[in-house]
Structure formats: structure tokens, C-alpha cells
$ cat structure.txt   # compact mmCIF, C-alpha atoms and all ligand atoms
# COMPACT_ATOMS: atom_id res chain seq x y z
CA MET Y 1 89.87 114.70 108.12
CA ARG Y 2 93.39 115.55 107.07
CA ALA Y 3 95.39 112.64 105.82
CA VAL Y 4 98.99 112.59 106.86
CA ARG Y 5 101.60 110.81 104.81
CA PRO Y 6 103.01 107.74 106.42
CA VAL Y 7 106.32 108.42 108.02
CA LEU Y 8 108.81 105.75 107.19
CA VAL Y 9 111.59 107.03 109.31
CA GLU Y 10 114.91 106.23 107.68
CA THR Y 11 116.86 108.59 109.85
CA ALA Y 12 115.49 107.15 113.05
CA VAL Y 13 114.20 110.35 114.52
CA VAL Y 14 110.81 111.45 115.69
CA PRO Y 15 109.48 114.96 115.38
CA SER Y 16 110.88 117.41 117.85
CA ASN Y 17 109.61 117.37 121.36
CA THR Y 18 108.74 120.44 123.35
CA HIS Y 19 112.36 121.21 124.09
CA GLY Y 20 113.01 121.43 120.39
CA THR Y 21 115.48 118.57 120.52
CA LEU Y 22 115.26 115.46 118.45
CA VAL Y 23 114.76 112.15 120.09
CA ASN Y 24 116.91 109.50 118.56
CA LEU Y 25 114.88 106.38 118.06
CA ALA Y 26 117.70 103.98 117.49
CA PRO Y 27 117.89 102.97 121.15
CA PHE Y 28 114.21 102.05 121.19
CA ALA Y 29 114.70 99.05 119.00
CA SER Y 30 116.80 97.37 121.63
CA ARG Y 31 115.36 98.74 124.83
CA PRO Y 32 113.03 96.68 126.91
CA GLY Y 33 110.70 99.63 127.23
CA HIS Y 34 107.87 99.78 129.66
CA GLU Y 35 107.97 96.20 130.66
CA MET Y 36 105.12 95.34 132.91
CA PRO Y 37 105.89 93.61 136.10
CA THR Y 38 103.94 90.43 136.58
CA LEU Y 39 103.21 88.45 139.65
CA ALA Y 40 105.87 85.97 138.66
CA TYR Y 41 108.48 88.16 140.25
CA ARG Y 42 107.00 87.12 143.54
CA SER Y 43 108.62 83.78 143.06
CA GLY Y 44 111.90 85.49 142.40
CA LEU Y 45 111.92 84.76 138.69
CA ALA Y 46 114.00 87.22 136.78
CA TYR Y 47 112.24 88.96 133.99
CA LEU Y 48 113.96 88.31 130.71
CA ASP Y 49 113.32 90.08 127.45
CA SER Y 50 112.87 88.07 124.37
CA ASP Y 51 115.65 88.71 121.93
CA GLU Y 52 115.02 91.21 119.27
CA GLN Y 53 114.05 89.44 116.14
CA THR Y 54 115.12 90.27 112.66
CA LEU Y 55 111.87 90.96 111.03
CA ARG Y 56 110.89 91.48 107.47
CA GLU Y 57 109.79 94.97 106.66
CA VAL Y 58 106.68 95.16 104.60
CA ARG Y 59 105.60 98.40 103.12
CA SER Y 60 102.39 98.60 101.23
CA THR Y 61 99.29 100.64 101.26
CA ALA Y 62 96.02 99.56 102.68
CA GLY Y 63 92.73 100.14 100.94
CA ALA Y 64 90.99 103.33 101.93
CA ALA Y 65 88.58 102.93 104.78
CA GLN Y 66 85.10 102.31 103.51
CA ALA Y 67 82.61 104.57 105.14
CA SER Y 68 79.43 102.87 106.12
CA ASP Y 69 76.48 104.07 108.10
CA PRO Y 70 76.12 103.09 111.69
CA LEU Y 71 73.48 100.49 112.15
CA GLY Y 72 70.84 102.31 114.14
CA SER Y 73 71.49 104.48 117.17
CA PRO Y 74 74.30 103.89 119.67
CA PRO Y 75 73.71 100.80 121.79
CA ALA Y 76 74.73 102.81 124.85
CA GLU Y 77 75.55 106.39 125.72
CA GLY Y 78 79.03 107.60 124.98
CA MET Y 79 79.80 105.22 122.13
CA ARG Y 80 81.06 106.07 118.64
CA TRP Y 81 80.48 104.20 115.41
CA ILE Y 82 83.78 103.20 113.86
CA ALA Y 83 83.15 102.47 110.19
CA GLY Y 84 84.94 99.36 109.00
CA GLY Y 85 87.92 99.45 106.67
CA ALA Y 86 91.41 98.25 105.96
CA PHE Y 87 94.51 99.75 107.51
CA LEU Y 88 98.21 99.28 108.03
CA MET Y 89 98.66 97.68 111.40
CA GLY Y 90 101.97 97.87 113.23
CA SER Y 91 105.09 99.95 112.75
CA VAL Y 92 108.67 99.28 111.74
CA ASP Y 93 110.02 102.43 113.35
CA PHE Y 94 109.92 101.58 117.03
CA TYR Y 95 109.90 98.32 118.94
CA PRO Y 96 110.32 94.84 117.43
CA GLU Y 97 106.97 93.53 118.65
CA GLU Y 98 105.18 96.09 116.47
CA ARG Y 99 106.57 94.54 113.28
CA PRO Y 100 105.86 93.80 110.52
CA VAL Y 101 103.48 96.38 109.15
CA HIS Y 102 100.69 94.42 107.55
CA ARG Y 103 97.26 95.11 106.12
CA VAL Y 104 94.26 94.18 108.20
CA ALA Y 105 90.55 94.77 107.67
CA VAL Y 106 87.97 95.21 110.39
CA ASP Y 107 84.19 95.43 110.20
CA GLY Y 108 82.43 98.43 111.69
CA PHE Y 109 81.78 98.49 115.44
CA TRP Y 110 80.74 100.80 118.27
CA MET Y 111 83.42 101.86 120.70
CA ASP Y 112 83.36 103.65 124.04
CA GLU Y 113 84.48 107.23 123.48
CA ARG Y 114 86.43 107.12 126.72
CA PRO Y 115 88.06 104.54 128.95
CA VAL Y 116 85.73 103.10 131.59
CA THR Y 117 85.91 105.35 134.63
CA ALA Y 118 86.22 104.57 138.33
CA GLY Y 119 82.69 105.93 138.80
CA GLU Y 120 81.30 103.59 136.15
CA PHE Y 121 83.13 100.65 137.65
CA ARG Y 122 81.69 101.51 141.04
CA ARG Y 123 78.18 101.30 139.58
CA PHE Y 124 78.99 97.86 138.21
CA VAL Y 125 80.29 96.69 141.59
CA ARG Y 126 77.28 98.09 143.48
CA ASP Y 127 74.96 96.39 141.04
CA THR Y 128 76.61 92.99 141.08
CA GLY Y 129 78.69 92.73 144.26
CA TYR Y 130 81.64 91.91 142.03
CA VAL Y 131 84.96 91.32 143.78
CA SER Y 132 87.85 92.21 141.54
CA PHE Y 133 90.72 89.86 140.90
CA CYS Y 134 93.32 91.62 143.02
CA GLU Y 135 91.00 91.73 146.05
CA ARG Y 136 90.83 87.95 146.15
CA PRO Y 137 93.18 85.66 148.06
CA LEU Y 138 95.94 84.06 146.00
CA ASP Y 139 96.45 80.36 145.78
CA PRO Y 140 100.04 79.53 146.79
CA ALA Y 141 99.86 76.57 144.38
CA ASP Y 142 99.85 79.05 141.52
CA TYR Y 143 103.03 80.70 142.74
CA PRO Y 144 105.49 78.02 143.70
CA GLY Y 145 108.33 79.30 145.82
CA ALA Y 146 106.70 82.64 146.44
CA ASP Y 147 107.15 84.41 149.75
CA PRO Y 148 103.83 83.95 151.62
CA GLU Y 149 104.04 87.58 152.60
CA VAL Y 150 103.42 88.68 149.06
CA LEU Y 151 100.63 86.20 148.49
CA VAL Y 152 98.09 88.58 149.90
CA PRO Y 153 95.52 90.52 147.91
CA GLY Y 154 97.04 93.62 146.43
CA SER Y 155 98.18 95.28 143.26
CA LEU Y 156 101.15 97.04 141.71
CA VAL Y 157 101.51 100.71 142.51
CA PHE Y 158 103.94 103.09 140.86
CA ARG Y 159 106.41 104.90 143.12
CA LYS Y 160 108.31 107.81 141.72
CA THR Y 161 111.98 107.52 142.62
CA ALA Y 162 114.12 110.20 144.21
CA GLY Y 163 116.62 110.15 141.38
CA PRO Y 164 117.78 108.18 138.35
CA VAL Y 165 117.68 104.40 138.78
CA ASP Y 166 118.59 101.35 136.73
CA LEU Y 167 115.89 101.29 134.05
CA ARG Y 168 116.38 97.59 133.49
CA ASP Y 169 114.78 96.73 136.81
CA PHE Y 170 111.14 97.75 137.12
CA ARG Y 171 111.18 96.87 140.81
CA ASN Y 172 112.85 100.22 141.25
CA TRP Y 173 109.49 101.90 140.69
CA TRP Y 174 106.78 99.25 140.99
CA GLU Y 175 105.72 98.17 144.42
CA TYR Y 176 103.34 95.37 145.28
CA VAL Y 177 100.96 97.06 147.71
CA PRO Y 178 98.69 94.84 149.81
CA GLY Y 179 95.18 96.22 149.85
CA ALA Y 180 95.53 98.24 146.67
CA TYR Y 181 92.60 97.79 144.27
CA TRP Y 182 90.38 99.90 142.04
CA LYS Y 183 88.82 101.75 144.99
CA ARG Y 184 92.08 102.19 146.89
CA PRO Y 185 94.49 102.88 144.04
CA GLU Y 186 97.46 103.63 146.29
CA GLY Y 187 96.56 101.06 148.93
CA LEU Y 188 95.01 101.31 152.38
CA GLY Y 189 94.11 104.85 153.28
CA SER Y 190 93.77 105.99 149.67
CA THR Y 191 90.41 106.55 147.99
CA ILE Y 192 88.99 107.44 144.61
CA ASN Y 193 87.19 110.44 146.06
CA GLY Y 194 87.35 113.17 143.47
CA ARG Y 195 88.56 110.68 140.89
CA ASP Y 196 85.25 109.35 139.59
CA ARG Y 197 86.12 110.61 136.13
CA HIS Y 198 89.54 108.98 136.13
CA PRO Y 199 89.93 105.68 134.29
CA VAL Y 200 89.41 102.68 136.53
CA VAL Y 201 92.74 100.95 137.24
CA HIS Y 202 93.98 97.85 139.05
CA VAL Y 203 91.71 95.76 136.86
CA ALA Y 204 92.92 92.36 135.67
CA TYR Y 205 91.74 91.05 132.31
CA GLN Y 206 88.85 89.11 133.81
CA ASP Y 207 87.63 92.22 135.63
CA ALA Y 208 87.47 94.08 132.32
CA GLU Y 209 85.60 91.16 130.77
CA ALA Y 210 83.16 90.99 133.67
CA TYR Y 211 82.41 94.70 133.41
CA ALA Y 212 81.95 94.48 129.65
CA SER Y 213 79.49 91.63 129.89
CA TRP Y 214 77.53 93.44 132.62
CA ALA Y 215 77.32 96.46 130.33
CA GLY Y 216 76.18 94.33 127.38
CA LYS Y 217 79.45 95.01 125.61
CA GLU Y 218 82.70 93.25 124.77
CA LEU Y 219 86.39 94.05 124.81
CA PRO Y 220 88.02 95.07 121.52
CA THR Y 221 90.45 92.93 119.58
CA GLU Y 222 93.90 94.40 119.13
CA ALA Y 223 93.13 95.10 115.43
CA GLU Y 224 89.89 96.91 116.27
CA TRP Y 225 91.63 98.90 118.97
CA GLU Y 226 94.52 99.97 116.75
CA TYR Y 227 92.27 100.79 113.80
CA ALA Y 228 90.13 102.99 116.06
CA ALA Y 229 93.16 104.61 117.71
CA ARG Y 230 94.57 105.68 114.36
CA GLY Y 231 91.45 107.76 113.79
CA GLY Y 232 91.75 107.52 110.01
CA LEU Y 233 95.37 108.68 109.79
CA GLU Y 234 97.26 106.13 107.74
CA GLY Y 235 100.61 105.15 109.17
CA SER Y 236 100.92 108.09 111.58
CA VAL Y 237 103.21 107.83 114.57
CA PHE Y 238 100.65 109.18 117.03
CA ALA Y 239 96.86 109.07 117.24
CA TRP Y 240 96.79 112.72 116.14
CA GLY Y 241 99.53 112.80 113.49
CA ASP Y 242 103.30 112.74 113.44
CA GLU Y 243 104.21 115.66 115.70
CA HIS Y 244 104.90 114.81 119.29
CA PHE Y 245 103.56 118.12 120.63
CA PRO Y 246 101.86 119.85 117.66
CA ASP Y 247 102.18 123.63 118.11
CA GLY Y 248 103.61 122.89 121.53
CA LYS Y 249 100.33 121.34 122.64
CA PRO Y 250 100.23 118.08 124.59
CA MET Y 251 97.77 115.69 122.96
CA ALA Y 252 97.79 112.88 125.49
CA ASN Y 253 98.73 112.23 129.09
CA SER Y 254 102.22 110.78 128.97
CA TRP Y 255 105.37 111.46 131.01
CA GLN Y 256 107.62 114.37 130.15
CA GLY Y 257 111.03 114.37 131.74
CA GLU Y 258 113.30 111.59 132.85
CA PHE Y 259 111.37 108.54 133.93
CA PRO Y 260 110.94 107.44 136.73
CA TRP Y 261 112.09 110.33 138.87
CA GLN Y 262 111.52 113.62 137.08
CA ASN Y 263 107.94 114.35 136.06
CA LEU Y 264 107.84 117.74 134.38
CA ARG Y 265 104.04 117.58 133.91
CA LEU Y 266 104.11 119.62 130.72
CA ASP Y 267 100.74 118.03 129.98
CA GLY Y 268 99.36 119.20 133.32
CA PHE Y 269 99.10 115.81 135.00
CA GLU Y 270 101.40 114.01 137.39
CA GLY Y 271 99.41 110.77 137.28
CA ALA Y 272 96.23 109.71 135.51
CA SER Y 273 93.85 112.39 134.22
CA PRO Y 274 90.07 112.64 134.07
CA VAL Y 275 88.95 110.95 130.85
CA GLY Y 276 88.52 113.37 127.96
CA SER Y 277 91.09 115.89 129.21
CA PHE Y 278 92.86 115.91 125.84
CA PRO Y 279 91.49 116.40 122.30
CA PRO Y 280 89.78 113.41 120.66
CA ASN Y 281 91.29 111.64 117.66
CA GLY Y 282 89.81 111.69 114.16
CA TYR Y 283 87.11 109.24 115.16
CA GLY Y 284 86.02 111.25 118.18
CA LEU Y 285 87.72 108.91 120.67
CA TYR Y 286 89.42 110.27 123.78
CA ASP Y 287 92.48 108.96 125.61
CA MET Y 288 93.20 106.18 123.13
CA THR Y 289 96.86 106.75 123.87
CA GLY Y 290 98.40 107.87 127.12
CA ASN Y 291 96.56 108.05 130.47
CA VAL Y 292 96.12 104.29 130.98
CA TRP Y 293 96.88 101.15 129.00
CA GLU Y 294 93.82 99.26 127.77
CA TRP Y 295 93.17 95.54 127.68
CA THR Y 296 92.35 93.85 124.37
CA THR Y 297 91.19 90.28 123.76
CA ASP Y 298 94.17 89.10 121.74
CA PHE Y 299 96.86 86.97 123.27
CA PHE Y 300 100.27 88.54 122.97
CA THR Y 301 102.66 87.44 120.23
CA PRO Y 302 106.25 88.66 119.98
CA ARG Y 303 105.53 89.89 116.45
CA HIS Y 304 102.62 90.44 114.08
CA ALA Y 305 101.50 88.15 111.29
CA ASP Y 306 103.21 88.67 107.95
CA GLU Y 307 101.79 90.89 105.27
CA VAL Y 308 99.85 88.90 102.70
CA GLU Y 309 100.68 89.70 99.11
CA LYS Y 310 97.25 89.17 97.63
CA PRO Y 311 94.56 91.74 98.42
CA CYS Y 312 92.00 88.93 98.48
CA CYS Y 313 93.62 87.44 101.52
CA ILE Y 314 93.94 90.40 103.87
CA PRO Y 315 92.95 89.13 107.32
CA ARG Y 316 89.51 90.34 108.32
CA ASN Y 317 88.75 90.78 112.00
CA PRO Y 318 91.84 88.82 113.01
CA ARG Y 319 92.16 87.48 116.54
CA VAL Y 320 94.95 85.77 118.36
CA ALA Y 321 92.98 83.16 120.26
CA SER Y 322 95.82 80.98 121.44
CA GLY Y 323 98.07 81.93 124.30
CA GLU Y 324 100.87 79.60 123.26
CA GLU Y 325 103.26 82.32 122.14
CA SER Y 326 102.20 84.75 124.81
CA PHE Y 327 104.35 83.72 127.75
CA ALA Y 328 107.13 85.89 129.00
CA GLU Y 329 110.29 83.89 129.39
CA GLY Y 330 110.25 81.71 132.45
CA GLU Y 331 106.66 82.55 133.31
CA THR Y 332 103.56 80.43 133.42
CA ILE Y 333 100.72 82.91 133.14
CA PRO Y 334 99.53 83.72 129.59
CA ARG Y 335 99.56 87.32 128.47
CA ARG Y 336 97.03 89.37 126.52
CA VAL Y 337 97.79 92.49 124.55
CA ILE Y 338 97.43 95.88 126.17
CA LYS Y 339 97.44 99.00 124.02
CA GLY Y 340 97.85 102.74 124.17
CA GLY Y 341 100.60 103.34 126.71
CA SER Y 342 100.05 105.36 129.84
CA HIS Y 343 100.92 108.44 131.85
CA LEU Y 344 104.09 106.58 132.82
CA CYS Y 345 105.41 106.34 129.26
CA ALA Y 346 108.36 108.63 128.68
CA PRO Y 347 110.60 108.91 125.63
CA ASN Y 348 113.70 108.10 127.70
CA TYR Y 349 112.15 104.79 128.65
CA CYS Y 350 109.05 103.79 126.75
CA LEU Y 351 107.64 105.65 123.76
CA ARG Y 352 104.44 103.65 123.70
CA TYR Y 353 101.65 106.21 123.68
CA ARG Y 354 101.17 105.35 120.01
CA PRO Y 355 98.51 103.30 118.17
CA ALA Y 356 100.99 100.65 117.00
CA ALA Y 357 102.57 100.12 120.41
CA ARG Y 358 101.68 96.91 122.21
CA GLN Y 359 102.72 94.90 125.19
CA GLY Y 360 101.79 91.60 126.74
CA GLU Y 361 100.35 91.69 130.22
CA ALA Y 362 99.85 88.60 132.35
CA LEU Y 363 96.24 87.72 133.03
CA ASP Y 364 96.74 87.67 136.79
CA THR Y 365 98.29 91.09 136.95
CA SER Y 366 96.78 94.46 137.66
CA THR Y 367 98.56 97.75 138.03
CA GLY Y 368 97.77 101.38 138.65
CA HIS Y 369 98.09 102.27 134.99
CA ILE Y 370 96.02 99.67 133.15
CA GLY Y 371 92.32 100.10 132.42
CA PHE Y 372 90.06 99.32 129.46
CA ARG Y 373 87.20 100.41 127.24
CA CYS Y 374 84.51 98.37 125.52
CA VAL Y 375 83.01 97.83 122.07
CA VAL Y 376 79.73 96.59 120.67
CA ARG Y 377 79.96 94.77 117.37
CA ALA Y 378 77.26 95.25 114.78
CA ALA Y 379 75.05 92.24 114.40
CA VAL Y 380 76.02 90.45 111.20
CA CA Y 401 101.51 113.42 132.46
CU CU Y 402 105.12 102.67 128.76

$ encode --input "structure.txt" --output "C-alpha cells" --more "lines below"
Ligand SMILES: [Ca+2]
Ligand SMILES: [Cu+2]
Amino acid sequence: MRAVRPVLVETAVVPSNTHGTLVNLAPFASRPGHEMPTLAYRSGLAYLDSDEQTLREVRSTAGAAQASDPLGSPPAEGMRWIAGGAFLMGSVDFYPEERPVHRVAVDGFWMDERPVTAGEFRRFVRDTGYVSFCERPLDPADYPGADPEVLVPGSLVFRKTAGPVDLRDFRNWWEYVPGAYWKRPEGLGSTINGRDRHPVVHVAYQDAEAYASWAGKELPTEAEWEYAARGGLEGSVFAWGDEHFPDGKPMANSWQGEFPWQNLRLDGFEGASPVGSFPPNGYGLYDMTGNVWEWTTDFFTPRHADEVEKPCCIPRNPRVASGEESFAEGETIPRRVIKGGSHLCAPNYCLRYRPAARQGEALDTSTGHIGFRCVVRAAV
């Protein structure tokens, strides 16, 4: 595996995109980015960004990943052994919530090579009769002041706009669609026919958990997810290195063009793509970035833990188990971390198809671009 030097971008630029122009990163530090709508907007609450924080920049090197043998054969088909090791988690070059860079160690684990697909989720539902979160009626008590009309089962569906819109208001492109759920991704009348190999979407956190436990698996922590997504490349911008489109080749399903109206599809896909449509990362994992966001078990925090100075004290298998810091301003539903960005992430709006990128997503919220994959931890 080729190691790439960490890019500590002083000049605030990323490698050239396919048009050969440089994308200035300075605006990203202050942009809200791909803020996820949450159900709170039903009650008319304005979404407010937390202020950018002045965060300490920590630059240090992590210990090299220690290779270790997988313990036995894969616990299920389509899983990869990710040998444990230490790595630099986070980034100082993009959004404030990715800071500071700090060393973290994780033990080895098995990870799904691909996001869970709609076909796999269908098997789970057939086997268990599971009713997903967004198919269930909503309790008006949980949404004080909400219009009863929107308190019907449904999910958030992306609608491409006819032209440029105000990027500060996600309601310009997200629509709450009654009847939308994993099997009807665009609402009544839509189906997943022909999309069995697409990642399952419109899954809330508890749906991902329910699937994982049915499969005898678990959801990854944010640290495990990011370590795996980096594929052994220390400090790289993307899961495959530092070039946006190496040799002009798209490496993930993102959005090229001006979001949310102009989708140039240079990667071949207008929306989600069948899992495994792009090359795997250094650990043999597909679609870690782009395509759909993936749930992790950690509660969201507006920033990472500080770097510890002493190597003895590097956090091992860290978890954020308390939701206290996770709330978006003015909201009452805790948020967990989602990773990897999606096919809706575009440089003009949200450059989050990167291992370090992270966002909080409310536990009661599902959308057409969030899915998940599972892990199995080695028995200790
Ligand atoms: Ca695309
Ligand atoms: Cu995004």
C-alpha cells in the first residue's frame, strides 16, 4: 500500500478537480455545509449553526498501524478484517467539527465491505416483520406546535431544484414526503425494483441497530469507521489519497456541478449507485465515502477530544456515549454521528465525502441519502 504524506494545507486549496481549477477551501470553514434537516423543522424551529470555534491545532504522528492476523474466518460473507492500529483522527483543513486532529487507537474488527443494500434490508424485514421508524405514526407530544399534516409517517426526499437557490435553507431541496420509506424511496408510487444493490436508505438510527442485531453484528464507532475509511493512508484528504479525481477518474459517488440544481454526473450517477461501483480503498472497503452517509454509534460533539501529549494515554476504542453535547441548537432530539458524505455532497456546498468529515443526525430522522454498514468486533 502506498503511503501518502499528510497534507497540511497552508494555502487552503485542494487538489484540482476535473475542470482543472482549484477549489478554494477557505469558505468551507465558515459554511454550514450539508446540514441535515431534522424533524424539528416541523415545529417551525429555525435551524441554527453552532458558531465556529477557535480550535487548537494539533499536529503529530500516530504510531504505524500494527498488522495482526484476523481471528479465524469472516463471521459473515462480505466482511473484511481491519487490523487494529493507531491513526490521526480528524482534520484541520476543512470544517470546524473535524478538529482537532488527535491520535486514536482501535482494536481490530471485521467490517462489511459494502453498505447494507436494499435487498439485504428486505430480507431482514421479511424475516422479522420489522416496521421501520419512518413508517410508524408520530406522537404529537414529541413535536409540540407541529402542523398535524406533517405528523404522518414519511421521510425526507431530495428534490433537485430548477436553478440556484439559497444554500442556507435546506428546505429548498429537502421535502418531507408522506409514505416515503426504504421500500418507496421517493414516496408512494416509487419502488426499489432494480435497486436491490443500492444502499438501503430512509433508515433511522434504530433501524440500523435493529438490522445489525438481526445480522449478529453491531454498528461501528466513529473512530472505527474513520480508521477503516482511511484505508491505511495517514492524514489523506480522501479515502484514496489527496487527489480529488486521480487521473481524471471519479473514486466515489458525489455531486459534480453546482448543488442543488446542476448535476453533471461526471461519476456516472445522478443519485445513489449500486454498492461497489467505485474502486475499494486500501482495506478493500467500498463506498466508504460518497453514495450514502453511514450511521455510527457515537453521539455527535461539535469538536473532537484534544490530542493527548503522552503516547501512553492515546484513547483506545473511544466512544461518545453521552448525548449531552449532541443537540442542534433549539432542538430536543439527540444526534449521532454520520460519516462518509453522500451523492449529494458537492464542493460548492459540502465537501464531506472524506474520512474525517462528520455530521450529527437526529435519531428520529431518516433521509434518502443515509444508510449504514456493520462491524463484528473480535472477541477479547
Ligand atoms: Ca454522482
Ligand atoms: Cu454533504

$ residues_near_ligand --input "structure.txt" --ligand "ligand CA 401 (chain Y)" --cutoff "12 Å" --atoms "all atoms listed in the file" --output "ChimeraX atom specification"
/Y:250-260,262-274,277-278,289-292,341-346,353,369

$ residues_around --input "structure.txt" --residues "region 301-311 of chain Y" --least-positions-apart "4" --cutoff "7 Å" --atoms "only C-alpha atoms" --output "list in words"
Val58, Pro96, Glu97, Glu98, Arg99, Pro100, Val101, His102, Arg103, Glu325 and Ser326 of chain Y

$ atom_distance --input "structure.txt" --atom1 "CA of Pro246 (chain Y)" --atom2 "CA of Pro115 (chain Y)"
23.5 Å

$ closest_residue --input "structure.txt" --among "Y:Arg354, Y:Arg80, Y:Arg184, Y:Arg168" --to "ligand CU 402 (chain Y)" --atoms "only C-alpha atoms and all ligand atoms"
Y:Arg354

$ closest_atom_pairs --input "structure.txt" --of "region 50-159 of chain Y" --to "region 211-223 of chain Y" --cutoff "10 Å" --atoms "all atoms listed in the file" --output "Markdown table"
| residue | atom | partner | partner_atom | distance |
| --- | --- | --- | --- | --- |
| Y:Pro75 | CA | Y:Gly216 | CA | 8.9 |
| Y:Ala76 | CA | Y:Ala215 | CA | 8.8 |
| Y:Phe87 | CA | Y:Ala223 | CA | 9.3 |
| Y:Leu88 | CA | Y:Ala223 | CA | 9.9 |
| Y:Met89 | CA | Y:Ala223 | CA | 7.3 |
| Y:Gly90 | CA | Y:Ala223 | CA | 9.5 |
| Y:Val104 | CA | Y:Ala223 | CA | 7.4 |
| Y:Ala105 | CA | Y:Ala223 | CA | 8.2 |
| Y:Val106 | CA | Y:Ala223 | CA | 7.2 |
| Y:Phe109 | CA | Y:Pro220 | CA | 9.4 |
| Y:Trp110 | CA | Y:Lys217 | CA | 9.4 |
| Y:Met111 | CA | Y:Pro220 | CA | 8.2 |
| Y:Asp112 | CA | Y:Lys217 | CA | 9.6 |
| Y:Val116 | CA | Y:Tyr211 | CA | 9.2 |
| Y:Glu120 | CA | Y:Tyr211 | CA | 9.4 |
| Y:Phe121 | CA | Y:Tyr211 | CA | 7.3 |
| Y:Arg123 | CA | Y:Tyr211 | CA | 10.0 |
| Y:Phe124 | CA | Y:Tyr211 | CA | 6.7 |
| Y:Val125 | CA | Y:Tyr211 | CA | 8.7 |
| Y:Asp127 | CA | Y:Trp214 | CA | 9.3 |
| Y:Thr128 | CA | Y:Trp214 | CA | 8.5 |
| Y:Tyr130 | CA | Y:Tyr211 | CA | 9.1 |

$ closest_residue --input "structure.txt" --among "Y:Arg197, Y:Arg136, Y:His202, Y:Lys183" --to "Leu156 (chain Y)" --atoms "only C-alpha atoms"
Y:His202

$ closest_residue --input "structure.txt" --among "Y:Val200, Y:Leu351, Y:Ala208, Y:Met288" --to "ligand CU 402 (chain Y)" --atoms "only C-alpha atoms and all ligand atoms"
Y:Leu351

$ atom_distance --input "structure.txt" --atom1 "CA of Trp174 (chain Y)" --atom2 "CA of Leu151 (chain Y)"
16.3 Å

$ atom_distance --input "structure.txt" --atom1 "CA of Ala162 (chain Y)" --atom2 "CA of Trp261 (chain Y)"
5.7 Å

$ decode --input "structure.txt" --residues "region 331-350 of chain Y" --atoms "N, CA and C atoms" --output "PDB file, in the first residue's frame"
ATOM      1  N   GLU Y 331     -33.082  22.311  19.459  1.00  0.00           N
ATOM      2  CA  GLU Y 331     -33.743  21.038  19.206  1.00  0.00           C
ATOM      3  C   GLU Y 331     -33.660  20.120  20.413  1.00  0.00           C
ATOM      4  N   THR Y 332     -34.548  19.126  20.420  1.00  0.00           N
ATOM      5  CA  THR Y 332     -34.664  18.279  21.598  1.00  0.00           C
ATOM      6  C   THR Y 332     -34.313  16.822  21.334  1.00  0.00           C
ATOM      7  N   ILE Y 333     -33.998  16.498  20.112  1.00  0.00           N
ATOM      8  CA  ILE Y 333     -33.681  15.112  19.787  1.00  0.00           C
ATOM      9  C   ILE Y 333     -32.156  14.971  19.698  1.00  0.00           C
ATOM     10  N   PRO Y 334     -31.571  14.022  20.441  1.00  0.00           N
ATOM     11  CA  PRO Y 334     -30.111  13.864  20.376  1.00  0.00           C
ATOM     12  C   PRO Y 334     -29.649  13.426  18.984  1.00  0.00           C
ATOM     13  N   ARG Y 335     -28.406  13.718  18.696  1.00  0.00           N
ATOM     14  CA  ARG Y 335     -27.864  13.368  17.384  1.00  0.00           C
ATOM     15  C   ARG Y 335     -26.689  12.406  17.502  1.00  0.00           C
ATOM     16  N   ARG Y 336     -26.625  11.458  16.588  1.00  0.00           N
ATOM     17  CA  ARG Y 336     -25.446  10.590  16.483  1.00  0.00           C
ATOM     18  C   ARG Y 336     -24.652  11.016  15.259  1.00  0.00           C
ATOM     19  N   VAL Y 337     -23.426  10.527  15.212  1.00  0.00           N
ATOM     20  CA  VAL Y 337     -22.525  10.904  14.124  1.00  0.00           C
ATOM     21  C   VAL Y 337     -22.808  10.058  12.886  1.00  0.00           C
ATOM     22  N   ILE Y 338     -22.939  10.729  11.758  1.00  0.00           N
ATOM     23  CA  ILE Y 338     -22.950  10.023  10.480  1.00  0.00           C
ATOM     24  C   ILE Y 338     -21.661  10.379   9.740  1.00  0.00           C
ATOM     25  N   LYS Y 339     -21.189   9.449   8.936  1.00  0.00           N
ATOM     26  CA  LYS Y 339     -19.889   9.606   8.276  1.00  0.00           C
ATOM     27  C   LYS Y 339     -19.982   9.304   6.784  1.00  0.00           C
ATOM     28  N   GLY Y 340     -19.023   9.873   6.066  1.00  0.00           N
ATOM     29  CA  GLY Y 340     -18.792   9.451   4.682  1.00  0.00           C
ATOM     30  C   GLY Y 340     -19.384  10.316   3.583  1.00  0.00           C
ATOM     31  N   GLY Y 341     -20.301  11.220   3.931  1.00  0.00           N
ATOM     32  CA  GLY Y 341     -20.887  12.045   2.883  1.00  0.00           C
ATOM     33  C   GLY Y 341     -21.760  11.223   1.948  1.00  0.00           C
ATOM     34  N   SER Y 342     -22.263  11.865   0.919  1.00  0.00           N
ATOM     35  CA  SER Y 342     -23.197  11.160   0.043  1.00  0.00           C
ATOM     36  C   SER Y 342     -23.100  11.662  -1.387  1.00  0.00           C
ATOM     37  N   HIS Y 343     -23.962  11.109  -2.230  1.00  0.00           N
ATOM     38  CA  HIS Y 343     -24.045  11.537  -3.627  1.00  0.00           C
ATOM     39  C   HIS Y 343     -24.558  12.973  -3.751  1.00  0.00           C
ATOM     40  N   LEU Y 344     -24.989  13.551  -2.627  1.00  0.00           N
ATOM     41  CA  LEU Y 344     -25.448  14.942  -2.669  1.00  0.00           C
ATOM     42  C   LEU Y 344     -24.363  15.923  -2.230  1.00  0.00           C
ATOM     43  N   CYS Y 345     -23.192  15.433  -1.909  1.00  0.00           N
ATOM     44  CA  CYS Y 345     -22.129  16.332  -1.452  1.00  0.00           C
ATOM     45  C   CYS Y 345     -21.382  16.909  -2.645  1.00  0.00           C
ATOM     46  N   ALA Y 346     -21.373  18.225  -2.720  1.00  0.00           N
ATOM     47  CA  ALA Y 346     -20.716  18.917  -3.818  1.00  0.00           C
ATOM     48  C   ALA Y 346     -19.767  19.959  -3.252  1.00  0.00           C
ATOM     49  N   PRO Y 347     -18.620  20.154  -3.912  1.00  0.00           N
ATOM     50  CA  PRO Y 347     -17.658  21.131  -3.392  1.00  0.00           C
ATOM     51  C   PRO Y 347     -18.237  22.531  -3.193  1.00  0.00           C
ATOM     52  N   ASN Y 348     -19.228  22.931  -3.967  1.00  0.00           N
ATOM     53  CA  ASN Y 348     -19.771  24.283  -3.777  1.00  0.00           C
ATOM     54  C   ASN Y 348     -20.633  24.370  -2.520  1.00  0.00           C
ATOM     55  N   TYR Y 349     -20.909  23.215  -1.913  1.00  0.00           N
ATOM     56  CA  TYR Y 349     -21.809  23.225  -0.775  1.00  0.00           C
ATOM     57  C   TYR Y 349     -21.293  22.425   0.409  1.00  0.00           C
ATOM     58  N   CYS Y 350     -20.717  21.268   0.147  1.00  0.00           N
ATOM     59  CA  CYS Y 350     -20.461  20.338   1.232  1.00  0.00           C
ATOM     60  C   CYS Y 350     -19.405  19.335   0.792  1.00  0.00           C
TER      61      CYS Y 350
END
